[in-house]
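Data file: coords-v5.cif. Format and content: mmCIF, C-alpha atoms.
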data_query
loop_
_atom_site.label_atom_id
_atom_site.label_comp_id
_atom_site.auth_asym_id
_atom_site.auth_seq_id
_atom_site.Cartn_x
_atom_site.Cartn_y
_atom_site.Cartn_z
CA MET A 1 47.51 -0.98 41.13
CA THR A 2 44.27 -2.15 42.73
CA ASP A 3 43.96 -5.89 42.48
CA GLN A 4 40.20 -6.19 42.97
CA LEU A 5 37.51 -3.56 42.59
CA PHE A 6 35.37 -2.70 45.59
CA THR A 7 32.01 -4.33 44.96
CA VAL A 8 29.26 -6.13 46.76
CA PRO A 9 29.54 -9.76 45.61
CA ALA A 10 26.56 -10.56 43.47
CA PRO A 11 25.31 -14.14 43.19
CA GLU A 12 24.74 -15.69 39.80
CA PRO A 13 21.19 -14.92 38.59
CA PRO A 14 18.76 -17.77 39.20
CA PRO A 15 17.90 -20.01 36.23
CA LEU A 16 14.31 -18.79 36.11
CA ARG A 17 14.02 -15.11 35.21
CA PRO A 18 11.09 -12.75 35.77
CA PRO A 19 8.87 -12.71 32.66
CA GLU A 20 9.74 -9.07 31.92
CA ARG A 21 13.45 -9.99 31.70
CA LEU A 22 13.03 -12.72 29.11
CA GLY A 23 14.43 -11.77 25.73
CA ARG A 24 16.11 -8.61 27.05
CA TRP A 25 19.81 -7.90 27.49
CA VAL A 26 20.78 -7.39 31.15
CA LEU A 27 24.11 -6.23 32.59
CA HIS A 28 25.89 -9.30 33.89
CA ARG A 29 29.64 -8.61 34.39
CA ALA A 30 32.15 -5.86 33.70
CA GLY A 31 35.86 -5.51 34.10
CA LEU A 32 38.98 -3.40 33.81
CA VAL A 33 42.37 -4.81 32.85
CA ASN A 34 45.48 -2.65 33.31
CA VAL A 35 43.54 0.62 33.09
CA TRP A 36 44.33 3.57 35.40
CA GLN A 37 44.87 2.31 38.97
CA TYR A 38 43.36 -1.10 38.26
CA ASP A 39 45.42 -4.16 37.49
CA ARG A 40 42.53 -6.56 36.98
CA ALA A 41 39.11 -5.82 38.45
CA GLU A 42 35.68 -7.34 37.87
CA ILE A 43 32.19 -6.10 38.71
CA LEU A 44 29.32 -8.57 39.12
CA PHE A 45 25.75 -7.49 38.50
CA ALA A 46 22.67 -9.01 40.11
CA GLY A 47 19.65 -8.65 37.87
CA GLY A 48 21.44 -5.88 35.97
CA ARG A 49 22.38 -3.90 39.11
CA ALA A 50 25.57 -3.47 41.10
CA LEU A 51 26.47 -1.50 44.23
CA LEU A 52 29.93 0.10 44.43
CA ARG A 53 31.10 1.12 47.87
CA GLY A 54 34.24 3.01 48.79
CA LYS A 55 35.66 6.22 50.18
CA ASN A 56 35.67 9.44 48.21
CA GLY A 57 38.49 9.35 45.70
CA ALA A 58 38.74 5.57 45.78
CA GLY A 59 37.90 5.34 42.08
CA LYS A 60 34.23 4.36 41.94
CA SER A 61 33.28 7.08 39.45
CA LYS A 62 36.45 6.51 37.43
CA ALA A 63 35.63 2.84 37.04
CA LEU A 64 32.13 3.67 35.79
CA GLU A 65 33.48 6.38 33.47
CA VAL A 66 35.50 3.93 31.45
CA LEU A 67 32.62 1.44 31.26
CA LEU A 68 29.34 3.24 30.64
CA PRO A 69 28.32 4.79 28.40
CA PHE A 70 31.83 4.70 26.91
CA LEU A 71 31.44 1.09 25.76
CA LEU A 72 28.11 2.01 24.13
CA ASP A 73 29.35 4.92 22.01
CA GLY A 74 33.15 4.59 21.90
CA ASP A 75 33.55 8.34 22.25
CA THR A 76 37.01 8.86 23.77
CA ARG A 77 36.35 12.61 23.95
CA ALA A 78 33.47 12.20 26.40
CA ILE A 79 34.84 9.76 28.98
CA ASP A 80 34.84 12.31 31.80
CA ALA A 81 31.53 12.01 33.65
CA ALA A 82 31.61 15.57 34.96
CA GLY A 83 32.22 17.00 31.50
CA ARG A 84 35.49 18.71 32.49
CA ASP A 85 37.61 16.81 29.94
CA ARG A 86 40.00 15.64 32.66
CA THR A 87 39.76 11.98 31.71
CA SER A 88 41.42 10.93 28.49
CA VAL A 89 42.83 7.70 27.09
CA TYR A 90 46.38 9.00 27.43
CA TRP A 91 45.86 10.05 31.06
CA LEU A 92 44.17 6.75 31.98
CA MET A 93 47.06 4.73 30.58
CA THR A 94 49.97 6.85 31.88
CA ASP A 95 48.86 8.39 35.18
CA GLY A 96 51.22 7.21 37.92
CA ARG A 97 53.05 4.74 35.64
CA GLU A 98 56.57 4.29 34.47
CA PRO A 99 57.32 5.64 30.96
CA GLY A 100 56.67 3.18 28.14
CA ASN A 101 53.90 1.61 26.08
CA HIS A 102 50.85 0.52 28.02
CA VAL A 103 47.86 -1.54 26.81
CA GLY A 104 44.66 -2.11 28.75
CA TYR A 105 41.08 -3.25 28.28
CA VAL A 106 37.64 -2.42 29.58
CA TRP A 107 34.75 -4.79 28.90
CA LEU A 108 31.08 -5.27 29.62
CA GLU A 109 29.19 -8.57 29.45
CA LEU A 110 25.43 -8.70 28.90
CA ARG A 111 23.23 -11.72 29.39
CA ARG A 112 19.88 -12.63 27.84
CA SER A 113 17.50 -15.43 28.81
CA GLU A 114 15.50 -16.87 25.95
CA PRO A 115 11.95 -18.20 26.49
CA ASP A 116 13.23 -21.75 25.87
CA GLY A 117 15.69 -21.38 28.77
CA GLU A 118 18.82 -20.83 26.66
CA GLU A 119 21.30 -18.25 27.95
CA ARG A 120 22.98 -15.93 25.44
CA PHE A 121 25.94 -13.63 26.10
CA VAL A 122 27.51 -10.70 24.27
CA THR A 123 30.66 -8.85 25.34
CA LEU A 124 31.40 -5.22 24.49
CA GLY A 125 35.00 -4.18 24.88
CA ALA A 126 37.57 -1.52 24.15
CA GLY A 127 41.32 -1.68 23.99
CA LEU A 128 43.29 1.35 25.15
CA LYS A 129 46.93 2.06 24.34
CA ALA A 130 49.27 4.95 25.17
CA ALA A 131 52.94 5.62 24.48
CA SER A 132 54.58 8.06 26.89
CA SER A 133 57.59 8.59 24.60
CA THR A 134 55.46 10.06 21.79
CA ARG A 135 52.56 11.16 24.00
CA SER A 136 50.24 9.33 21.60
CA HIS A 137 47.29 7.09 22.28
CA SER A 138 44.86 4.88 20.36
CA SER A 139 41.79 2.75 20.97
CA TRP A 140 39.95 -0.13 19.31
CA PHE A 141 36.61 -1.76 19.99
CA PHE A 142 34.94 -5.15 19.66
CA VAL A 143 31.57 -6.90 20.03
CA ALA A 144 32.00 -10.60 20.80
CA GLU A 145 28.97 -12.89 20.40
CA ASP A 146 28.85 -15.67 23.00
CA ARG A 147 32.49 -15.07 23.97
CA ARG A 148 33.13 -14.43 27.67
CA VAL A 149 36.14 -12.83 29.31
CA GLY A 150 37.77 -15.26 31.69
CA VAL A 151 35.83 -18.18 30.21
CA ASP A 152 36.90 -18.49 26.59
CA LEU A 153 38.52 -15.08 26.05
CA ASP A 154 41.57 -13.74 27.86
CA LEU A 155 42.38 -10.03 27.83
CA GLY A 156 45.59 -8.56 29.13
CA PRO A 157 48.38 -6.05 28.47
CA GLU A 158 50.00 -8.55 26.11
CA VAL A 159 46.91 -8.71 23.85
CA SER A 160 47.40 -6.13 21.10
CA ALA A 161 44.79 -5.10 18.56
CA GLU A 162 46.36 -7.49 16.03
CA ARG A 163 46.29 -10.36 18.53
CA LEU A 164 42.64 -9.61 19.35
CA ARG A 165 41.79 -9.85 15.65
CA GLU A 166 43.37 -13.29 15.59
CA LEU A 167 41.28 -14.34 18.59
CA LEU A 168 37.92 -12.91 17.49
CA GLY A 169 38.22 -12.54 13.72
CA SER A 170 39.42 -9.68 11.57
CA ASP A 171 35.96 -8.11 11.28
CA ALA A 172 35.27 -8.24 15.03
CA VAL A 173 37.68 -5.41 15.92
CA THR A 174 36.36 -2.07 14.64
CA SER A 175 36.59 1.69 14.88
CA ALA A 176 34.47 3.72 17.27
CA ALA A 177 31.94 4.66 14.58
CA GLU A 178 31.41 1.06 13.46
CA HIS A 179 31.29 -0.09 17.10
CA ARG A 180 28.57 2.46 17.81
CA ARG A 181 26.56 1.25 14.80
CA ARG A 182 26.89 -2.41 15.81
CA VAL A 183 25.89 -1.78 19.42
CA ALA A 184 22.88 0.29 18.37
CA LEU A 185 21.68 -2.50 16.08
CA ARG A 186 22.61 -5.52 18.23
CA LEU A 187 21.50 -4.36 21.66
CA PHE A 188 18.81 -1.77 20.92
CA GLY A 189 17.58 -2.74 17.45
CA LEU A 190 18.10 0.82 16.19
CA HIS A 191 18.99 1.45 12.55
CA ASP A 192 18.66 5.23 12.86
CA GLU A 193 21.96 6.75 14.03
CA THR A 194 20.21 9.96 15.11
CA ARG A 195 17.89 8.10 17.50
CA TYR A 196 20.83 6.23 19.01
CA ALA A 197 22.81 9.46 19.38
CA ASN A 198 19.87 10.95 21.30
CA LEU A 199 19.83 7.92 23.60
CA ILE A 200 23.57 8.27 24.30
CA ARG A 201 23.11 11.98 24.95
CA LEU A 202 20.53 11.11 27.64
CA LEU A 203 22.87 8.55 29.22
CA HIS A 204 25.67 11.11 29.37
CA ARG A 205 23.35 13.54 31.16
CA LEU A 206 22.14 10.95 33.64
CA ARG A 207 25.64 9.78 34.60
CA ASP A 208 26.65 13.22 35.92
CA PRO A 209 28.03 12.65 39.47
CA ASN A 210 26.05 15.63 40.73
CA ILE A 211 22.73 14.52 39.25
CA GLY A 212 21.46 13.29 42.63
CA ASN A 213 21.90 16.72 44.18
CA ARG A 214 20.17 18.36 41.22
CA ILE A 215 17.21 15.98 41.45
CA GLU A 216 16.85 16.67 45.17
CA ALA A 217 16.85 20.38 44.33
CA GLY A 218 13.86 19.84 42.02
CA ASP A 219 15.77 20.09 38.74
CA LEU A 220 14.59 16.75 37.29
CA ALA A 221 12.52 18.45 34.57
CA THR A 222 15.48 20.65 33.66
CA ILE A 223 17.79 17.63 33.53
CA LEU A 224 15.46 15.76 31.20
CA SER A 225 14.98 18.88 29.05
CA ASP A 226 18.74 19.31 28.76
CA ALA A 227 19.03 15.67 27.71
CA LEU A 228 16.67 16.19 24.79
CA PRO A 229 18.37 16.58 21.41
CA PRO A 230 18.49 20.12 20.02
CA PRO A 231 15.85 20.93 17.39
CA ASP A 232 16.93 20.23 13.85
CA ASP A 233 17.76 23.44 11.94
CA HIS A 234 15.94 22.17 8.88
CA HIS A 235 12.71 21.67 10.82
CA LEU A 236 13.08 25.07 12.48
CA GLU A 237 13.41 26.71 9.07
CA MET A 238 10.38 24.80 7.83
CA ALA A 239 8.34 25.97 10.85
CA ALA A 240 9.46 29.58 10.28
CA GLU A 241 8.42 29.38 6.65
CA ARG A 242 5.02 28.07 7.71
CA PHE A 243 4.50 31.06 10.01
CA ASP A 244 5.47 33.41 7.18
CA THR A 245 2.95 31.85 4.84
CA LEU A 246 0.00 31.66 7.28
CA GLU A 247 -1.75 34.63 5.57
CA GLN A 248 -1.27 33.06 2.17
CA ILE A 249 -2.60 29.77 3.48
CA LYS A 250 -5.68 31.55 4.91
CA GLU A 251 -6.31 33.27 1.56
CA GLN A 252 -5.93 29.97 -0.26
CA LEU A 253 -8.37 28.36 2.17
CA ASP A 254 -10.95 31.14 1.61
CA ARG A 255 -10.50 30.79 -2.15
CA ALA A 256 -10.98 27.04 -1.90
CA GLN A 257 -14.16 27.51 0.14
CA ARG A 258 -15.58 29.97 -2.43
CA THR A 259 -14.70 27.57 -5.22
CA ALA A 260 -16.40 24.73 -3.35
CA THR A 261 -19.59 26.81 -2.93
CA ALA A 262 -19.65 27.74 -6.65
CA LEU A 263 -19.07 24.15 -7.63
CA ALA A 264 -21.93 23.04 -5.39
CA ARG A 265 -24.33 25.47 -7.18
CA PHE A 266 -23.07 24.38 -10.59
CA LEU A 267 -23.48 20.73 -9.68
CA ASP A 268 -27.12 21.30 -8.60
CA THR A 269 -27.91 22.85 -12.01
CA TYR A 270 -25.93 20.26 -13.91
CA ARG A 271 -27.70 17.43 -12.09
CA GLY A 272 -31.09 18.72 -13.34
CA TYR A 273 -29.79 18.95 -16.88
CA ALA A 274 -28.26 15.49 -16.67
CA ARG A 275 -31.54 14.03 -15.37
CA GLY A 276 -33.45 15.56 -18.34
CA VAL A 277 -30.96 14.22 -20.88
CA LEU A 278 -31.00 10.83 -19.20
CA ARG A 279 -34.83 10.78 -19.19
CA ASP A 280 -35.00 11.60 -22.96
CA ARG A 281 -32.40 9.02 -23.83
CA ALA A 282 -34.12 6.43 -21.68
CA GLY A 283 -37.41 7.13 -23.52
CA ALA A 284 -35.69 6.76 -26.90
CA LEU A 285 -34.12 3.53 -25.69
CA LEU A 286 -37.50 2.16 -24.58
CA ALA A 287 -39.08 3.09 -27.96
CA ALA A 288 -36.26 1.42 -29.82
CA ASP A 289 -36.73 -1.66 -27.65
CA ASP A 290 -40.46 -1.75 -28.53
CA GLN A 291 -39.56 -1.53 -32.22
CA ARG A 292 -37.07 -4.31 -31.76
CA ARG A 293 -39.69 -6.50 -30.11
CA ALA A 294 -42.21 -5.80 -32.97
CA ALA A 295 -39.57 -6.56 -35.59
CA ALA A 296 -38.75 -9.80 -33.76
CA ARG A 297 -42.41 -10.84 -33.83
CA GLU A 298 -42.67 -9.97 -37.58
CA LEU A 299 -39.47 -11.89 -38.25
CA LYS A 300 -40.89 -14.90 -36.45
CA ARG A 301 -44.10 -14.72 -38.53
CA LEU A 302 -42.15 -14.42 -41.80
CA GLU A 303 -39.91 -17.27 -40.75
CA GLY A 304 -43.08 -19.39 -40.27
CA GLN A 305 -44.36 -18.42 -43.72
CA SER A 306 -40.95 -19.16 -45.21
CA ALA A 307 -40.99 -22.59 -43.61
CA ASP A 308 -44.51 -23.30 -45.05
CA ALA A 309 -43.44 -22.12 -48.50
CA ALA A 310 -40.34 -24.25 -48.33
CA ALA A 311 -42.50 -27.26 -47.43
CA ALA A 312 -44.86 -26.52 -50.36
CA VAL A 313 -41.92 -26.19 -52.74
CA ALA A 314 -40.55 -29.52 -51.49
CA ALA A 315 -43.98 -31.18 -52.02
CA ALA A 316 -44.36 -29.67 -55.52
CA THR A 317 -40.85 -30.77 -56.42
CA ALA A 318 -41.64 -34.32 -55.27
CA GLU A 319 -44.89 -34.29 -57.26
CA LEU A 320 -43.06 -32.97 -60.34
CA THR A 321 -40.48 -35.72 -60.01
CA ARG A 322 -43.23 -38.33 -59.73
CA LEU A 323 -45.10 -37.02 -62.80
CA ARG A 324 -41.88 -36.95 -64.84
CA ASP A 325 -41.22 -40.56 -63.86
CA GLU A 326 -44.80 -41.47 -64.96
CA GLU A 327 -44.25 -39.54 -68.20
CA ARG A 328 -41.07 -41.48 -68.98
CA THR A 329 -42.79 -44.76 -68.14
CA ALA A 330 -45.76 -43.90 -70.37
CA GLY A 331 -43.38 -42.90 -73.17
CA ARG A 332 -41.61 -46.22 -73.04
CA GLU A 333 -44.91 -48.07 -73.00
CA LEU A 334 -46.09 -46.06 -76.06
CA GLU A 335 -42.93 -46.83 -78.02
CA GLY A 336 -43.35 -50.49 -77.11
CA LEU A 337 -46.92 -50.51 -78.43
CA ARG A 338 -45.82 -48.80 -81.65
CA ALA A 339 -43.12 -51.36 -82.13
CA SER A 340 -45.45 -54.30 -81.57
CA ASP A 341 -46.66 -56.51 -84.50
CA ALA A 342 -50.27 -55.86 -83.51
CA TYR A 343 -49.86 -52.08 -83.94
CA LYS A 344 -48.11 -52.58 -87.25
#
In C-alpha cells, how does this file's structure come out?
Amino acid sequence: MTDQLFTVPAPEPPPLRPPERLGRWVLHRAGLVNVWQYDRAEILFAGGRALLRGKNGAGKSKALEVLLPFLLDGDTRAIDAAGRDRTSVYWLMTDGREPGNHVGYVWLELRRSEPDGEERFVTLGAGLKAASSTRSHSSWFFVAEDRRVGVDLDLGPEVSAERLRELLGSDAVTSAAEHRRRVALRLFGLHDETRYANLIRLLHRLRDPNIGNRIEAGDLATILSDALPPPDDHHLEMAAERFDTLEQIKEQLDRAQRTATALARFLDTYRGYARGVLRDRAGALLAADDQRRAAARELKRLEGQSADAAAAVAAATAELTRLRDEERTAGRELEGLRASDAYK
C-alpha cells in the first residue's frame, strides 16, 4: 500500500480571499483511506487546485477516478475515467489483497469564506466495501456539515456504515440517489435533477485522460457537443408536430388576417352608427335637462307663493283668534250689563 499520495504540498490558503472566491465552495482537501493501493493518502489544494506528479502507472488517474466526479454523483458504474468499465468497487477493494472483507473511504473537503471572515467546511464522502468470499460489494455516502476528516472525524477500515451513522447521525449516511440530490442542492443550489445530471455528464466528458490530446487536435467543439445532453424525445416530437402543421398554421394566419380586415370595416361603419345614436341621445338628455331646470324654477316660484299664502293664513288665523277673544269679552260685558240693577 502507498502510505502517502504523490502531491505538491499546498500551503493553507491565506485568511483574505480574492473577492470572487467569497461565498463560493472551493476544493480544499481530499483523501483515500484503504482504497486500492492506498493505505491513507491526502491531497491538499491551493485555491481549489492541486498538481499530481508521478510516473505513468503510479496511480494519479486512479486516485482522481475515485474522487471526482464520483463523490458528486455516487455513480459506481461510471468510476472508470476512460469509460472502459475496468474500475469497479469490487476491483478497487480486492485488487492485490488477501481474501476477506475490506472497507475503505474516499472523501473530499470543500471550504467557503464568508464575507464576515467566517470559514465554513463541508465534507463529501463515500464508504466502499467488498467481500472476496461472496464476490459482493456495497457503498454508502455522506455529506458532513462542518465536520473535517482528521480534525473531528476519523475514517478507517474499522468504521462501518453503522458506525458512521453513530458518528454523523442516522440521516447523514444515504444512498447514491439521495447523496446526488443533497450535493446538487447544497453545493450548486440546483433543485432540478435533470440540470444536475447534465452538469455531471459534462464533468465525466472533461475528465477523460485523453482529452488533452483531443483538444490539441482541434476537437474542443466536438468534446463540448458530446457533453451536451441528448434532446428530449418529447420536445423532438413536439417540434415534428409543429413542422407537420405549418400549412395549417399558415391557413389559420391568413384566415385571421381576413377576419381582422372585415372586422376593421365593420368597426368603421359601426362607429358612425354609434356616433349618431350617441348624438341623438345626448340631444334628448340636454332637452330633458332644460325641462328639469324650468321645472325647478317653477317649483321655486310656487314654493314662494306657498310661503306667502301660509303667512297670510297664519295672520288671518291670528286675527280670527283676536276677534273671537273680543267677542267673548263683549258677550261677558253684555251679560253683566243685563244683570245690573240699572238695566233692570
> Selected by the PyMOL selection byres ((chain A and resi 199) around 12) in the shown coordinates: which residues, as a VMD selection string?
Replying inline: chain A and resid 69 72 to 73 180 184 188 190 192 to 198 200 to 206 224 227 to 229
Explicit residue set for the PyMOL selection byres ((chain A and resi 40) around 12), as a compact mmCIF listing (two decimals) with C-alpha atoms, keeping the file's coordinate frame:
# COMPACT_ATOMS: atom_id res chain seq x y z
CA MET A 1 47.51 -0.98 41.13
CA THR A 2 44.27 -2.15 42.73
CA ASP A 3 43.96 -5.89 42.48
CA GLN A 4 40.20 -6.19 42.97
CA LEU A 5 37.51 -3.56 42.59
CA PHE A 6 35.37 -2.70 45.59
CA ALA A 30 32.15 -5.86 33.70
CA GLY A 31 35.86 -5.51 34.10
CA LEU A 32 38.98 -3.40 33.81
CA VAL A 33 42.37 -4.81 32.85
CA ASN A 34 45.48 -2.65 33.31
CA VAL A 35 43.54 0.62 33.09
CA TRP A 36 44.33 3.57 35.40
CA GLN A 37 44.87 2.31 38.97
CA TYR A 38 43.36 -1.10 38.26
CA ASP A 39 45.42 -4.16 37.49
CA ALA A 41 39.11 -5.82 38.45
CA GLU A 42 35.68 -7.34 37.87
CA ILE A 43 32.19 -6.10 38.71
CA ALA A 63 35.63 2.84 37.04
CA GLY A 104 44.66 -2.11 28.75
CA TYR A 105 41.08 -3.25 28.28
CA VAL A 106 37.64 -2.42 29.58
CA TRP A 107 34.75 -4.79 28.90
CA VAL A 149 36.14 -12.83 29.31
CA GLY A 150 37.77 -15.26 31.69
CA ASP A 154 41.57 -13.74 27.86
CA LEU A 155 42.38 -10.03 27.83
CA GLY A 156 45.59 -8.56 29.13
CA PRO A 157 48.38 -6.05 28.47
Centre, x/y/z edge lengths, axis-aligned box for region 69-72 of chain A with 4 Å per side, as lines of an AutoDock Vina configuration file:
center_x = 30.0
center_y = 2.9
center_z = 26.3
size_x = 11.7
size_y = 11.7
size_z = 12.3
Test item: residues at most 6 Å from region 123-130 of chain A, all atoms listed in the file, excluding those fewer than 5 positions along its chain, as a PDB file with C-alpha atoms, in the frame of the given file:
ATOM      1  CA  TYR A  90      46.380   9.000  27.430  1.00  0.00           C
ATOM      2  CA  MET A  93      47.060   4.730  30.580  1.00  0.00           C
ATOM      3  CA  ASN A 101      53.900   1.610  26.080  1.00  0.00           C
ATOM      4  CA  HIS A 102      50.850   0.520  28.020  1.00  0.00           C
ATOM      5  CA  VAL A 103      47.860  -1.540  26.810  1.00  0.00           C
ATOM      6  CA  GLY A 104      44.660  -2.110  28.750  1.00  0.00           C
ATOM      7  CA  TYR A 105      41.080  -3.250  28.280  1.00  0.00           C
ATOM      8  CA  VAL A 106      37.640  -2.420  29.580  1.00  0.00           C
ATOM      9  CA  TRP A 107      34.750  -4.790  28.900  1.00  0.00           C
ATOM     10  CA  LEU A 108      31.080  -5.270  29.620  1.00  0.00           C
ATOM     11  CA  GLU A 109      29.190  -8.570  29.450  1.00  0.00           C
ATOM     12  CA  SER A 136      50.240   9.330  21.600  1.00  0.00           C
ATOM     13  CA  HIS A 137      47.290   7.090  22.280  1.00  0.00           C
ATOM     14  CA  SER A 138      44.860   4.880  20.360  1.00  0.00           C
ATOM     15  CA  SER A 139      41.790   2.750  20.970  1.00  0.00           C
ATOM     16  CA  TRP A 140      39.950  -0.130  19.310  1.00  0.00           C
ATOM     17  CA  PHE A 141      36.610  -1.760  19.990  1.00  0.00           C
ATOM     18  CA  PHE A 142      34.940  -5.150  19.660  1.00  0.00           C
ATOM     19  CA  VAL A 143      31.570  -6.900  20.030  1.00  0.00           C
ATOM     20  CA  ALA A 144      32.000 -10.600  20.800  1.00  0.00           C
TER      21      ALA A 144
END
>> Given the PyMOL selection byres ((chain A and resi 45) around 8) and the file above, list the residues it selects as a VMD selection string.
In response: chain A and resid 10 27 to 29 43 to 44 46 to 50
Since we have the selection now, will you write its residues out, keeping C-alpha atoms, as an mmCIF file, in the coordinates of the input?
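Final output, result_31.cif:
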data_model
loop_
_atom_site.group_PDB
_atom_site.id
_atom_site.type_symbol
_atom_site.label_atom_id
_atom_site.label_comp_id
_atom_site.auth_asym_id
_atom_site.auth_seq_id
_atom_site.Cartn_x
_atom_site.Cartn_y
_atom_site.Cartn_z
ATOM 1 C CA ALA A 10 26.560 -10.560 43.470
ATOM 2 C CA LEU A 27 24.110 -6.230 32.590
ATOM 3 C CA HIS A 28 25.890 -9.300 33.890
ATOM 4 C CA ARG A 29 29.640 -8.610 34.390
ATOM 5 C CA ILE A 43 32.190 -6.100 38.710
ATOM 6 C CA LEU A 44 29.320 -8.570 39.120
ATOM 7 C CA ALA A 46 22.670 -9.010 40.110
ATOM 8 C CA GLY A 47 19.650 -8.650 37.870
ATOM 9 C CA GLY A 48 21.440 -5.880 35.970
ATOM 10 C CA ARG A 49 22.380 -3.900 39.110
ATOM 11 C CA ALA A 50 25.570 -3.470 41.100
#
> So how far away is CA of Leu71 (chain A) from CA of Gly59 (chain A), in Å?
Replying inline: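 Going from CA of Gly59 (chain A) over to CA of Leu71 (chain A) covers 18.1 Å.
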>> Please list as a ChimeraX atom specification every residue within 8 Å of Ala161 (chain A), counting all atoms listed in the file and excluding residues in the same chain fewer than 2 positions away.
In response: /A:127,140,159,163-165,173
> To one decimal place, how far is CA of Thr174 (chain A) from CA of Val122 (chain A) in Å?
Replying inline: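 If I compute the distance from CA of Thr174 (chain A) to CA of Val122 (chain A), I get 15.7 Å.
For the atom pair formed by CA of Arg332 (chain A) and CA of Ala315 (chain A), the distance is 26.0 Å, given to one decimal.
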> With distances taken over only C-alpha atoms, which of A:Arg207, A:Lys344, A:Arg182, A:Arg275 is nearest to Lys62 (chain A)?
Replying inline: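 The shortest atom-to-atom distance to Lys62 (chain A) comes from A:Arg207.
Minimum distance to Thr94 (chain A) across A:Thr134, A:Gln248, A:Gln257, A:Asn56 (counting all atoms listed in the file) occurs at A:Thr134.
Of the listed residues (A:Gly276, A:Gly283, A:Gly100, A:Gly23), A:Gly23 comes nearest to Arg120 (chain A); the distances count all atoms listed in the file.
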